[in-house]
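Shown here: start38.pdb, PDB, C-alpha atoms and all ligand atoms.
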ATOM      1  CA  MET A   1       0.000   0.000   0.000  1.00  0.00           C
ATOM      2  CA  LYS A   2       1.331   3.462  -0.884  1.00  0.00           C
ATOM      3  CA  PRO A   3       2.403   5.749   2.019  1.00  0.00           C
ATOM      4  CA  ILE A   4      -0.507   8.198   1.697  1.00  0.00           C
ATOM      5  CA  LEU A   5      -3.069   5.390   1.600  1.00  0.00           C
ATOM      6  CA  ASP A   6      -1.240   3.644   4.395  1.00  0.00           C
ATOM      7  CA  LYS A   7      -1.478   6.788   6.528  1.00  0.00           C
ATOM      8  CA  LEU A   8      -5.222   7.104   5.789  1.00  0.00           C
ATOM      9  CA  HIS A   9      -5.687   3.434   6.678  1.00  0.00           C
ATOM     10  CA  THR A  10      -3.832   3.947  10.002  1.00  0.00           C
ATOM     11  CA  ASP A  11      -6.110   6.929  10.693  1.00  0.00           C
ATOM     12  CA  HIS A  12      -9.117   4.644  10.212  1.00  0.00           C
ATOM     13  CA  LYS A  13      -7.762   2.133  12.710  1.00  0.00           C
ATOM     14  CA  ASN A  14      -7.282   4.968  15.214  1.00  0.00           C
ATOM     15  CA  PHE A  15     -10.750   6.398  14.540  1.00  0.00           C
ATOM     16  CA  LEU A  16     -12.239   2.961  15.225  1.00  0.00           C
ATOM     17  CA  LYS A  17     -10.581   2.984  18.660  1.00  0.00           C
ATOM     18  CA  LEU A  18     -12.071   6.394  19.345  1.00  0.00           C
ATOM     19  CA  LEU A  19     -15.514   5.334  18.076  1.00  0.00           C
ATOM     20  CA  ASN A  20     -15.272   2.275  20.274  1.00  0.00           C
ATOM     21  CA  PHE A  21     -14.678   4.579  23.256  1.00  0.00           C
ATOM     22  CA  LEU A  22     -17.732   6.629  22.217  1.00  0.00           C
ATOM     23  CA  GLU A  23     -19.733   3.403  21.852  1.00  0.00           C
ATOM     24  CA  ASN A  24     -18.874   2.522  25.465  1.00  0.00           C
ATOM     25  CA  GLN A  25     -19.875   6.006  26.621  1.00  0.00           C
ATOM     26  CA  LEU A  26     -23.151   5.615  24.734  1.00  0.00           C
ATOM     27  CA  GLN A  27     -23.954   2.381  26.581  1.00  0.00           C
ATOM     28  CA  ILE A  28     -23.247   4.093  29.923  1.00  0.00           C
ATOM     29  CA  LEU A  29     -25.435   7.064  28.934  1.00  0.00           C
ATOM     30  CA  LYS A  30     -28.264   4.720  27.914  1.00  0.00           C
ATOM     31  CA  ASP A  31     -28.084   2.930  31.241  1.00  0.00           C
ATOM     32  CA  CYS A  32     -28.272   6.359  32.922  1.00  0.00           C
ATOM     33  CA  GLY A  33     -24.871   5.776  34.430  1.00  0.00           C
ATOM     34  CA  HIS A  34     -22.101   8.297  34.912  1.00  0.00           C
ATOM     35  CA  SER A  35     -20.428   8.580  31.559  1.00  0.00           C
ATOM     36  CA  ASP A  36     -17.240  10.580  31.345  1.00  0.00           C
ATOM     37  CA  PHE A  37     -18.588  13.766  29.782  1.00  0.00           C
ATOM     38  CA  GLU A  38     -15.271  15.582  29.771  1.00  0.00           C
ATOM     39  CA  LEU A  39     -13.491  12.819  27.834  1.00  0.00           C
ATOM     40  CA  THR A  40     -16.501  12.386  25.559  1.00  0.00           C
ATOM     41  CA  LEU A  41     -16.295  16.106  24.809  1.00  0.00           C
ATOM     42  CA  ASP A  42     -12.580  15.734  24.083  1.00  0.00           C
ATOM     43  CA  ALA A  43     -13.338  12.826  21.723  1.00  0.00           C
ATOM     44  CA  ILE A  44     -15.880  14.907  19.778  1.00  0.00           C
ATOM     45  CA  ARG A  45     -13.506  17.890  19.713  1.00  0.00           C
ATOM     46  CA  TYR A  46     -10.900  15.573  18.221  1.00  0.00           C
ATOM     47  CA  MET A  47     -13.390  14.401  15.536  1.00  0.00           C
ATOM     48  CA  LYS A  48     -13.792  18.057  14.588  1.00  0.00           C
ATOM     49  CA  GLU A  49     -10.099  18.886  14.743  1.00  0.00           C
ATOM     50  CA  TYR A  50      -8.550  15.927  12.912  1.00  0.00           C
ATOM     51  CA  PRO A  51     -10.956  13.659  10.930  1.00  0.00           C
ATOM     52  CA  ASP A  52     -13.202  16.529   9.776  1.00  0.00           C
ATOM     53  CA  LEU A  53     -10.466  19.095   9.170  1.00  0.00           C
ATOM     54  CA  ILE A  54      -7.453  17.025   8.113  1.00  0.00           C
ATOM     55  CA  HIS A  55      -8.244  13.385   7.246  1.00  0.00           C
ATOM     56  CA  HIS A  56     -11.255  14.048   5.001  1.00  0.00           C
ATOM     57  CA  PRO A  57      -9.687  16.966   3.107  1.00  0.00           C
ATOM     58  CA  LEU A  58      -6.638  14.747   2.537  1.00  0.00           C
ATOM     59  CA  GLU A  59      -8.890  12.000   1.162  1.00  0.00           C
ATOM     60  CA  ASN A  60     -10.616  14.583  -1.012  1.00  0.00           C
ATOM     61  CA  VAL A  61      -7.316  15.422  -2.690  1.00  0.00           C
ATOM     62  CA  VAL A  62      -6.752  11.723  -3.500  1.00  0.00           C
ATOM     63  CA  PHE A  63     -10.397  11.048  -4.457  1.00  0.00           C
ATOM     64  CA  LYS A  64     -10.689  14.124  -6.700  1.00  0.00           C
ATOM     65  CA  TYR A  65      -7.408  13.303  -8.414  1.00  0.00           C
ATOM     66  CA  PHE A  66      -8.707   9.762  -9.016  1.00  0.00           C
ATOM     67  CA  ILE A  67     -12.027  11.011 -10.446  1.00  0.00           C
ATOM     68  CA  GLU A  68     -10.146  13.297 -12.832  1.00  0.00           C
ATOM     69  CA  HIS A  69      -7.849  10.553 -14.122  1.00  0.00           C
ATOM     70  CA  HIS A  70      -9.799   7.283 -13.837  1.00  0.00           C
ATOM     71  CA  GLU A  71     -13.324   5.971 -14.323  1.00  0.00           C
ATOM     72  CA  GLU A  72     -13.632   3.312 -11.619  1.00  0.00           C
ATOM     73  CA  VAL A  73     -15.617   3.738  -8.362  1.00  0.00           C
ATOM     74  CA  TYR A  74     -16.955   7.122  -9.526  1.00  0.00           C
ATOM     75  CA  ASP A  75     -20.304   6.811  -7.690  1.00  0.00           C
ATOM     76  CA  GLU A  76     -18.658   5.733  -4.441  1.00  0.00           C
ATOM     77  CA  LEU A  77     -16.103   8.561  -4.565  1.00  0.00           C
ATOM     78  CA  THR A  78     -18.775  11.159  -5.285  1.00  0.00           C
ATOM     79  CA  GLU A  79     -20.834   9.868  -2.370  1.00  0.00           C
ATOM     80  CA  LEU A  80     -17.831   9.903  -0.015  1.00  0.00           C
ATOM     81  CA  ILE A  81     -16.855  13.464  -0.984  1.00  0.00           C
ATOM     82  CA  HIS A  82     -20.454  14.516  -0.363  1.00  0.00           C
ATOM     83  CA  GLU A  83     -20.380  12.863   3.078  1.00  0.00           C
ATOM     84  CA  HIS A  84     -17.119  14.670   3.878  1.00  0.00           C
ATOM     85  CA  GLU A  85     -18.909  17.960   3.230  1.00  0.00           C
ATOM     86  CA  GLU A  86     -21.734  17.042   5.619  1.00  0.00           C
ATOM     87  CA  MET A  87     -19.659  15.621   8.456  1.00  0.00           C
ATOM     88  CA  PRO A  88     -18.375  18.836  10.118  1.00  0.00           C
ATOM     89  CA  ALA A  89     -21.985  20.008  10.691  1.00  0.00           C
ATOM     90  CA  LEU A  90     -22.911  16.597  12.190  1.00  0.00           C
ATOM     91  CA  THR A  91     -19.952  16.820  14.574  1.00  0.00           C
ATOM     92  CA  GLU A  92     -20.852  20.412  15.493  1.00  0.00           C
ATOM     93  CA  THR A  93     -24.432  19.360  16.338  1.00  0.00           C
ATOM     94  CA  LEU A  94     -23.141  16.503  18.474  1.00  0.00           C
ATOM     95  CA  LEU A  95     -20.829  18.886  20.325  1.00  0.00           C
ATOM     96  CA  GLU A  96     -23.731  21.276  21.015  1.00  0.00           C
ATOM     97  CA  MET A  97     -25.977  18.425  22.220  1.00  0.00           C
ATOM     98  CA  LEU A  98     -23.312  17.187  24.572  1.00  0.00           C
ATOM     99  CA  GLN A  99     -22.790  20.683  25.962  1.00  0.00           C
ATOM    100  CA  ASN A 100     -26.573  21.063  26.468  1.00  0.00           C
ATOM    101  CA  THR A 101     -26.697  17.727  28.286  1.00  0.00           C
ATOM    102  CA  LEU A 102     -23.854  18.918  30.493  1.00  0.00           C
ATOM    103  CA  SER A 103     -25.755  22.075  31.358  1.00  0.00           C
ATOM    104  CA  GLY A 104     -28.751  19.949  32.357  1.00  0.00           C
ATOM    105  CA  VAL A 105     -31.294  20.650  29.597  1.00  0.00           C
ATOM    106  CA  PRO A 106     -34.236  18.218  30.209  1.00  0.00           C
ATOM    107  CA  GLN A 107     -34.797  15.378  27.681  1.00  0.00           C
ATOM    108  CA  GLU A 108     -31.435  16.137  26.125  1.00  0.00           C
ATOM    109  CA  ARG A 109     -29.901  12.832  27.220  1.00  0.00           C
ATOM    110  CA  GLU A 110     -32.321  10.742  25.124  1.00  0.00           C
ATOM    111  CA  ARG A 111     -31.800  12.896  22.035  1.00  0.00           C
ATOM    112  CA  LEU A 112     -28.068  12.771  22.571  1.00  0.00           C
ATOM    113  CA  CYS A 113     -28.126   8.956  22.762  1.00  0.00           C
ATOM    114  CA  SER A 114     -29.991   8.499  19.494  1.00  0.00           C
ATOM    115  CA  TYR A 115     -27.916  11.143  17.729  1.00  0.00           C
ATOM    116  CA  LEU A 116     -24.656   9.642  18.976  1.00  0.00           C
ATOM    117  CA  ARG A 117     -25.850   6.178  17.835  1.00  0.00           C
ATOM    118  CA  GLU A 118     -26.521   7.560  14.352  1.00  0.00           C
ATOM    119  CA  TYR A 119     -23.222   9.474  14.325  1.00  0.00           C
ATOM    120  CA  ILE A 120     -21.140   6.389  15.201  1.00  0.00           C
ATOM    121  CA  ASN A 121     -22.982   4.277  12.594  1.00  0.00           C
ATOM    122  CA  LYS A 122     -22.426   6.901   9.892  1.00  0.00           C
ATOM    123  CA  GLN A 123     -18.712   7.141  10.640  1.00  0.00           C
ATOM    124  CA  VAL A 124     -18.294   3.351  10.581  1.00  0.00           C
ATOM    125  CA  GLU A 125     -20.303   2.909   7.351  1.00  0.00           C
ATOM    126  CA  HIS A 126     -18.303   5.691   5.725  1.00  0.00           C
ATOM    127  CA  MET A 127     -14.989   4.039   6.624  1.00  0.00           C
ATOM    128  CA  ASN A 128     -16.256   0.626   5.543  1.00  0.00           C
ATOM    129  CA  LEU A 129     -17.113   1.963   2.093  1.00  0.00           C
ATOM    130  CA  GLU A 130     -13.628   3.448   1.825  1.00  0.00           C
ATOM    131  CA  GLU A 131     -11.817   0.388   3.094  1.00  0.00           C
ATOM    132  CA  ALA A 132     -13.847  -2.282   1.299  1.00  0.00           C
ATOM    133  CA  TYR A 133     -14.469  -0.706  -2.123  1.00  0.00           C
ATOM    134  CA  VAL A 134     -12.492   2.434  -2.704  1.00  0.00           C
ATOM    135  CA  TYR A 135      -9.019   2.100  -1.216  1.00  0.00           C
ATOM    136  CA  PRO A 136      -8.309  -1.291  -2.865  1.00  0.00           C
ATOM    137  CA  VAL A 137      -9.183   0.113  -6.304  1.00  0.00           C
ATOM    138  CA  ILE A 138      -7.111   3.264  -5.747  1.00  0.00           C
ATOM    139  CA  ASP A 139      -4.234   1.165  -4.433  1.00  0.00           C
ATOM    140  CA  SER A 140      -4.178  -1.151  -7.425  1.00  0.00           C
ATOM    141  CA  THR A 141      -4.715   1.594 -10.009  1.00  0.00           C
ATOM    142  CA  LEU A 142      -2.541   4.608  -9.195  1.00  0.00           C
ATOM    143  CA  THR A 143       1.054   4.543 -10.376  1.00  0.00           C
ATOM    144  CA  ASP A 144       4.057   5.885  -8.430  1.00  0.00           C
ATOM    145  CA  LYS A 145       4.141   8.892 -10.734  1.00  0.00           C
ATOM    146  CA  GLU A 146       0.493   9.661  -9.981  1.00  0.00           C
ATOM    147  CA  TRP A 147       1.110   9.307  -6.233  1.00  0.00           C
ATOM    148  CA  SER A 148       3.964  11.797  -6.419  1.00  0.00           C
ATOM    149  CA  GLU A 149       1.676  14.253  -8.236  1.00  0.00           C
ATOM    150  CA  ILE A 150      -0.860  13.836  -5.416  1.00  0.00           C
ATOM    151  CA  LYS A 151       1.841  14.192  -2.757  1.00  0.00           C
ATOM    152  CA  SER A 152       2.928  17.538  -4.159  1.00  0.00           C
ATOM    153  CA  GLU A 153      -0.588  18.858  -3.433  1.00  0.00           C
ATOM    154  CA  LEU A 154      -0.564  17.801   0.218  1.00  0.00           C
ATOM    155  CA  GLU A 155       0.502  19.544   3.381  1.00  0.00           C
ATOM    156  CA  ASN A 156       1.991  17.480   6.151  1.00  0.00           C
ATOM    157  CA  VAL A 157      -0.206  17.761   9.254  1.00  0.00           C
ATOM    158  CA  ASP A 158       0.218  15.654  12.366  1.00  0.00           C
ATOM    159  CA  ASP A 159      -2.577  13.901  14.261  1.00  0.00           C
ATOM    160  CA  PRO A 160      -2.992  15.674  17.660  1.00  0.00           C
ATOM    161  CA  LEU A 161      -4.280  12.503  19.404  1.00  0.00           C
ATOM    162  CA  PHE A 162      -2.603   9.507  17.742  1.00  0.00           C
ATOM    163  CA  GLY A 163       0.382  11.296  16.177  1.00  0.00           C
ATOM    164  CA  LYS A 164       3.944  11.875  17.361  1.00  0.00           C
ATOM    165  CA  ASN A 165       3.195  15.027  19.353  1.00  0.00           C
ATOM    166  CA  ILE A 166       0.111  14.477  21.464  1.00  0.00           C
ATOM    167  CA  LYS A 167      -1.731  17.646  22.323  1.00  0.00           C
ATOM    168  CA  LYS A 168      -1.796  18.209  26.107  1.00  0.00           C
ATOM    169  CA  SER A 169      -5.587  18.403  26.277  1.00  0.00           C
ATOM    170  CA  TYR A 170      -5.884  14.938  24.640  1.00  0.00           C
ATOM    171  CA  GLN A 171      -3.508  13.033  26.917  1.00  0.00           C
ATOM    172  CA  ALA A 172      -6.222  11.802  29.304  1.00  0.00           C
ATOM    173  CA  LEU A 173      -8.416  10.755  26.376  1.00  0.00           C
ATOM    174  CA  LEU A 174      -5.558   8.820  24.753  1.00  0.00           C
ATOM    175  CA  GLN A 175      -5.033   6.792  27.927  1.00  0.00           C
ATOM    176  CA  LYS A 176      -8.722   5.785  27.908  1.00  0.00           C
ATOM    177  CA  VAL A 177      -8.865   5.041  24.192  1.00  0.00           C
ATOM    178  CA  ILE A 178      -5.825   2.752  24.131  1.00  0.00           C
ATOM    179  CA  ASP A 179      -6.697   1.027  27.441  1.00  0.00           C
TER     180      ASP A 179
HETATM  181 FE    FE B   1     -13.674   9.691   4.303  1.00  0.00          FE
HETATM  182 FE    FE B   2     -11.465   8.001   5.739  1.00  0.00          FE
END
Would you kindly transcribe this structure into structure tokens?
Ligand SMILES: [Fe+2]
Ligand SMILES: [Fe+2]
Amino acid sequence: MKPILDKLHTDHKNFLKLLNFLENQLQILKDCGHSDFELTLDAIRYMKEYPDLIHHPLENVVFKYFIEHHEEVYDELTELIHEHEEMPALTETLLEMLQNTLSGVPQERERLCSYLREYINKQVEHMNLEEAYVYPVIDSTLTDKEWSEIKSELENVDDPLFGKNIKKSYQALLQKVID
């Protein structure tokens, strides 16, 4: 697998760990237990800061290049790019709901649970489409020359949670996620 695709694939594995943490928090919330709101907030902030702002735009560069130069998986790529556009607003809504729940707005917990359920499912389905249908085709189609053309369009940005330099505010979350 080429380095850029390899990096995106590693991101997915990390995101699954984070979504797994959110899944556990969801179960606690549903059982009306004491979920860790602060770490859940950190997890959602991370979704906004890295997957929404860095990972998806990076995929867009690869996907758009592929659409311009090849015919395969056109429908899937178009759908994925469209989902990338919608995701930041979904994350923002989740962040607001969580903050409302924290400030004790009545009935907010139930809404938060169903929204979080939907959010996790969407993220997982999105990654599954990429991993199962799109990445393998991109991997087997693009040449080294094409990858170097793509690379020249990219900026190098580190992951603040799973990268080399972990942001201070994410250190507690990282401990939980890799537990
Ligand atoms: Fe994506
Ligand atoms: Fe992705």
(message) I'd like the neighbourhood of Phe66 (chain A) as a PyMOL selection string, where a residue qualifies if any of its atoms comes within 10 Å (using all atoms listed in the file), though same-chain residues fewer than 2 positions away should be ignored.
(response) chain A and resi 60-64+68-74+77+138+141-142+146+150
(request) Return as a list of chain:residue names the set of residues that the PyMOL selection byres (((chain A and resi 122) around 12) and not hetatm) yields on the displayed structure. (result)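 Selected by the PyMOL selection byres (((chain A and resi 122) around 12) and not hetatm) in this file: A:Leu19, A:Leu80, A:Glu83, A:His84, A:Glu86, A:Met87, A:Leu90, A:Thr91, A:Tyr115, A:Leu116, A:Arg117, A:Glu118, A:Tyr119, A:Ile120, A:Asn121, A:Gln123, A:Val124, A:Glu125, A:His126, A:Met127, A:Asn128, A:Leu129.
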Closest atom pairs, residues of chain A within 7 Å of ligand FE 2 (chain B), only C-alpha atoms and all ligand atoms, as JSON lines:
{"residue": "A:Leu8", "atom": "CA", "partner": "B:FE2", "partner_atom": "FE", "distance": 6.3}
{"residue": "A:His12", "atom": "CA", "partner": "B:FE2", "partner_atom": "FE", "distance": 6.1}
{"residue": "A:His55", "atom": "CA", "partner": "B:FE2", "partner_atom": "FE", "distance": 6.5}
{"residue": "A:His56", "atom": "CA", "partner": "B:FE2", "partner_atom": "FE", "distance": 6.1}
{"residue": "A:Glu59", "atom": "CA", "partner": "B:FE2", "partner_atom": "FE", "distance": 6.6}
{"residue": "A:Met127", "atom": "CA", "partner": "B:FE2", "partner_atom": "FE", "distance": 5.4}
{"residue": "A:Glu130", "atom": "CA", "partner": "B:FE2", "partner_atom": "FE", "distance": 6.4}
(request) Pick out the closest residue to ligand FE 1 (chain B) from this set: A:Trp147, A:Phe37, A:Tyr170, A:Phe15. Count all atoms listed in the file. (result)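 Under the stated criterion, the closest residue is A:Phe15.
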Can you sort out the box for region 166-177 of chain A, edges along x, y and z, all listed atoms in, 3 Å on every side, with centre and edge lengths in Å to one decimal, as lines of an AutoDock Vina configuration file?
center_x = -4.4
center_y = 11.7
center_z = 25.4
size_x = 15.0
size_y = 19.4
size_z = 13.8
(request) Give me, please, the distance in Å between CA of Lys167 (chain A) and CA of Leu22 (chain A), quoted to one decimal. (result) 19.4 Å
(message) the PyMOL selection byres (((chain A and resi 18) around 12) and not hetatm) - which residues does that actually catch in the file I just gave you? List them as a PyMOL selection string.
(response) chain A and resi 11-17+19-25+39-47+51+120+123-124+161-162+170+173-179
(message) Quick check, in Å to one decimal: how far apart do CA of Lys2 (chain A) and CA of Leu154 (chain A) lie?
(response) 14.5 Å
(message) Report, in Å with one decimal, the straight-line distance from CA of Ile4 (chain A) to CA of Lys151 (chain A).
(response)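 Here the two named atoms are 7.8 Å from each other.
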(request) Point out the residue among A:Glu76, A:Asp31, A:Asp6, A:Glu108 with the least atom-to-atom distance to Ala132 (chain A), counting only C-alpha atoms. (result)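 Going through A:Glu76, A:Asp31, A:Asp6, A:Glu108 one by one, the smallest distance to Ala132 (chain A) is for A:Glu76.
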(request) Point out the residue among A:Glu131, A:Gly33, A:Glu38, A:Asp75 with the least atom-to-atom distance to ligand FE 1 (chain B), counting all atoms listed in the file. (result) A:Glu131
(request) I would like the residues chosen by the PyMOL selection byres (((chain A and resi 102) around 12) and not hetatm) on the shown file; could you give them as a list in words? (result)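 Applied to this file, the PyMOL selection byres (((chain A and resi 102) around 12) and not hetatm) selects His34, Ser35, Asp36, Phe37, Glu38, Thr40, Leu41, Leu95, Glu96, Met97, Leu98, Gln99, Asn100, Thr101, Ser103, Gly104, Val105, Pro106, Gln107, Glu108, Arg109 and Leu112 of chain A.
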(request) Rank A:Lys48, A:Lys30, A:Lys168, A:His82 by their smallest atom-to-atom distance to ligand FE 1 (chain B), using only C-alpha atoms and all ligand atoms, and report the top residue only. (result)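 Result for the nearest residue to ligand FE 1 (chain B): A:His82.
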(message) With distances taken over all atoms listed in the file, which residue among A:Thr93, A:Ser114, A:Thr78, A:Thr10 lies nearest Gly163 (chain A)?
(response) A:Thr10
(request) Rank nothing, just name the residue among A:Ile81, A:Leu26, A:Cys113, A:Ile67 nearest to ligand FE 1 (chain B), using all atoms listed in the file. (result)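 The shortest atom-to-atom distance to ligand FE 1 (chain B) comes from A:Ile81.
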